[in-house]
Every structure is written in structure tokens, then in C-alpha cells.
Amino acid sequence: MAEILLSEAEKAFIHHGVQDDLRCDGRTRLGYRPIILETGLVSNASGSSRLRLANSDVLVGVKVELASPLSEKPLEGRLEFFVDCSANATPEFEGRGGEDLANEICRFLQMSYMSGDTINLSELSVLAGQQCWVLYVDILILECGGNLYDTVSLAVKSALYTTQIPSIKVATMDGDQPELELSEDPYDTKRLNTQNVPCLVTLMKIGNHYLVDPTPEEECCSSSGVVVAVSGSKKITAVRKIGSGSLHPESLVSMLKTASEVGAVVNKILMKKLLEEETAGKTQKVGFMR
Amino acid sequence: MVDIRLASEVPLFDIVADSTEPKHLVTPGSLITKETGFMRGHGTYMQDDCLYASVAGVVERVNQLISVRPLKSRYHGEIGDVVIGRITEVSQKRWKLDTNARLDSVLLLQSVNLPGGELRRRSAEDELSMRQYLKEGDLVSAEVQNIFNDGALSLHTRSMKYGKLSQGCLVKVSPSLIRRQKTHFHNLPCGASIIMGNNGFVWICPTLHEDVAGGFVQNLETVPHADRQAISRLRNCVTALAQCKMMIYDTSIMHAYDASINAGFEIKDLLLPDKITEIALMVRKQFEMEKE
């Protein structure tokens, strides 16, 4: 992300702060900045959410469509991710600057959802071998304030939680072609079980310690880190190393352990908040006018 | 560890603002007046004998001069302002600094104090060893000496209180929130010093002692834990005041700091939106009490 210039003294200050477990803004090493969440903003998508983590702002929309399943997996639907780094997010994304980052995030999301433990894709199957639901998850990065992986994953999880898939009945077979009947009632929908959908946790290594949710200044002080996809059941589904520095195998193991614990806590709190929003019912949407 | 709020639970920051509506808010392209006989100032343009606004802001009228003061703009330098800048480039006989203005500000080699305090003409060796004094990424506090024709600021550090900044924390706020005061360097009683640059950069560091101030020496020793806590708390207070669009000066910062200590907020709690509005309201109340 953005390359910020820092003086030697500022870097030393940040290093000592991390050692002391007191970062510049008072957080501990494993603390996140405040997150603001809202779902259901995009009325013509089947599910949507907007998540703001300090300065990072992400909008996700999920659209469902019928298509034929992959020939190797005739009994499963699929998820297709697309990330768009808007040029408004940060000056580096001007023109095609954001494409590399967008592809990276996209690929990593695809990898983290590949494990069978995360989401049950057979729920998306309509007619075995012929028709299935495809969920197109479109992610729009509106503002980049560091820590994009975490923000994107939480927003995707919230959007999938609120996605409503229309109920479909298979009518009588008309010769060879089965007829699919879409339910008349727009509220006759089913939802996916997103309990185990993974959250990404970024850990950056500064000195001998690692930080969760680094600010751009802290990212500048660190040379290596890992992004870990942690499912709701505390299992790690994907790992990716970022940065040009090297990691000792022991520190990698302890980072993975910390990441799975942090990920479990984040998952739990997010699910609780989504349930709260659902039970609160149809309140006034705040949207972008603030 | 993690705080997730729903957007509907987050309070609006402008509940702290004055309840009086500003007199005349305009957006770019909106008509200000059809009357002729007015002189047009900054932020306006004339088209078909009518005066339109070119920026979003408040219309100000002084006798026959109409101008629009923008709500959010880059820093506009005045001679004598204290600014904090970050070196972006080392060129021939000058450094270029980023000061949140439209153009990079310039710090000429002849406008800095040489280490040792010697007064002499700068030689070719000085020019070649510029990077030893200040290199890319360094933070400097300086004063505006002159403004070039194109609007770029010319800075100088010709006093012991200006110079390279050592360990600390930089907070960026809007330049319009920094009040012009007699002195911008304050040693706060809580164990930290603060430099409020007119360009919106606020520097918070451990207490500056008189003998080490300025110059080119950087102190890289570990800052004690209590000082670090004071610096973090001040940083969060300044950010909170900036988010609620309150003026930032030493009194308002100290009120916010004391309010956060009296209310028993932990330093990391000051990042939460509801605590931010609480602090701002307490500062407002404190000012109203002092007026009486």
C-alpha cells in the first residue's frame, strides 16, 4: 500500500512502542481500530455490506445467478470474487495502479474459501449437474487506509450473511428439459450458513513482536508479515506471506497461533453484531450521507 | 480487542457544533449575487455580470469585497507562520519539504543553522554534505521566511527552537483548525511537548529541554513509559478535537486531556466514536464555564 516516508527517530519511537505494548494511538499489539458496519445498503443486490475500519472503506455487493456447475463438481455451486480498487481510494490506484493489489486480494480470497470447512457449496446446488447458484461477490475499495485484507474479508462475510437466495422449485420435466420455477413471493428466500466463513487477519512483524491491524506508519516500519484466513471454527484455511523480509520458522508458527486466536474472537464478535442488526429489524439506513 | 459498531449506533460528530447555522453556505457554481458594484475576492468568479462561487464554503463580505472562504483547503502560508514539514527531496543548495500546501516548500541551505552555530558562507563541501544534516523523511520545524512568486513557501530554521525533530508522534489535521497564537511551542504539564504547525501538522514529543532543542541531533533513546502514555493520550485528544471540528490550541488540548483523565477513559478508548463526542462536549462545557 502507500509508501510513507518516516524519519529514523519516528521509526525508533514506533519500535520501542511495540516492545512496550503501547502503540502510538494507545492500542495494544493485538488491538483493532474501531470498525463501523452496515448491511443492506445496495437494494438491487441480493446482499451487501459496507465496512469501515478507521480510514479503510469497503463496499461489497453479492448477486446470485443461475448457471451450470463445473464439470468436476456437479453437486456444488460456486463463489466468484471480483475486487475493484477505485482510483478515489489512494493516489497509487490511479489508472491501472490498483490492478495488482486487486488481483492479489481476489486470488487470496478464492484460496481461503476453497476449503470445504468454510462454506457449504452444496447448499447452492439446484439441479445436480445442470443448474446451480453462482454468487458473484463484487468488492469495491472506496478508501485505502491500510489493512485492506482484514477489512475486505469482514465486509465479504457480512455481505454473505445477509445474502438472500430465492427459493426455486423444480417443476415437471418437460421432455428432456426440467422447468425451474422461481417463487412468487420476493421474501421467500433462504440464507447461507456463514458461521465458518473465514476472516483474514494481517500480522506485521516489527522487531521481535507482531501487530494486528497496522497503521500505514507501522506498516512502513515492518519488513514482513503474514495474512492468515481463519474460519469460524478456529481453523486456518490459507496463509500468505507479505513483505520482503524473512521470517524465522518459530516466529511463523507462533504468529499462526496468535492469528487463529485473534481470528476466532473477530469472527465471534462480528457474528454477534450481524445477529443484533438482523433482530433490530428495518431501521433507517444511514448509508453514505454522513 | 475488537470493537464493531453498527452505523446506526455511531453518533454524529456535528452534535458538538454550534447550533447557529452559518450565514451563507455556497457550493461551486452557485450564485452569490446579481448586483454589480462588488469587487470579487478569492473563491469567486464573474460570469454574465453575475457573481458565482468557485469553492464550497462560507461567503464573507467586507464592505464591497465578496469572497468565499473554503471549508476544506490546502494550507495557505503567511510570513511568520510556524510549520512542520517532511523532507521529500534533497536538491542543489536546497531541500524540498511537504507541508500540506499546494506546492512543496523550500528550505534553502543558507537558511539553516550549521551544526556548531558557526556563521560563515556556505561552501561547496556544505552543499555535498547536505544529506548528512537532513535527508528524505526527516521532520523539521521551521518558520516561513518568504513566499515565492508561484506561491511556494521559503522556510528558515535560523533559531535554536527550530530544527530537526526527534522521537514523537505526528498528527495531521485541517490547517483551518489551528489557531494563530503568540507561540506554537508548548511544554505541557502532563510530561509532553507539543508543536502546532500552522499547516495542520501537530507534533507531540517527550518534553523538550532547552539545551537539546533544535539543531540536528536526534535522540534515539527509549522514551519512558509514562511519557509514552501522555503522548498517546494527547494524540488521541488532538484527533478527537479535529474530528469534531473544534479549534486546536494549547488550552483546548489540555482541557481534552484533563477531561479524558477525569472521566477515566483508557487511551485506546479515545478512538471510539462515542468517547470522541463525549470528550468534545466536555471541552465545550469547560469553555462555557470559564466564560462565566
# chains A, B, ... in the order shown; residues from 1 in each chain; ligands from 1
>>> residues_around(residues="Ile79 in chain B", least_positions_apart="2", cutoff="6 Å", atoms="only C-alpha atoms", output="PyMOL selection string")
chain B and resi 81+144-146
>>> interface_residues(of="chain B", to="chain A", cutoff="9 Å", atoms="only C-alpha atoms", output="PyMOL selection string")
chain B and resi 1-10+12+86-88+135-139+165-170+218-223+225+228-229+231-233+235-236+266-273
>>> select_by_dssp(residues="range 92-260 of chain A", states="strand (DSSP E or B)", output="number ranges by chain")
A: 125-127, 131-143, 165-166, 168-174, 177-182, 189-190, 199-206, 209-212, 224-230, 236-242
>>> closest_residue(among="A:Gln177, A:Asn196, A:Asn103, A:Ser48", to="Asn120 in chain A", atoms="only C-alpha atoms")
A:Asn196
>>> residues_around(residues="range 241-256 of chain B", least_positions_apart="4", cutoff="9 Å", atoms="only C-alpha atoms", output="PyMOL selection string")
chain B and resi 13-17+173-174+176-181+184+186+188-190+194+196+234+236-237+260-261+276-277+279-280+282-284+286-287
>>> atom_distance(atom1="CA of His24 in chain B", atom2="CA of Lys72 in chain B")
15.9 Å
>>> select_by_dssp(residues="range 35-206 of chain A", states="alpha helix (DSSP H)", output="list in words")
Glu99, Asp100, Leu101, Ala102, Asn103, Glu104, Ile105, Cys106, Arg107, Phe108, Leu109, Gln110, Met111, Ser112, Leu148, Tyr149, Asp150, Thr151, Val152, Ser153, Leu154, Ala155, Val156, Lys157, Ser158, Ala159, Leu160, Tyr161 and Thr162 of chain A
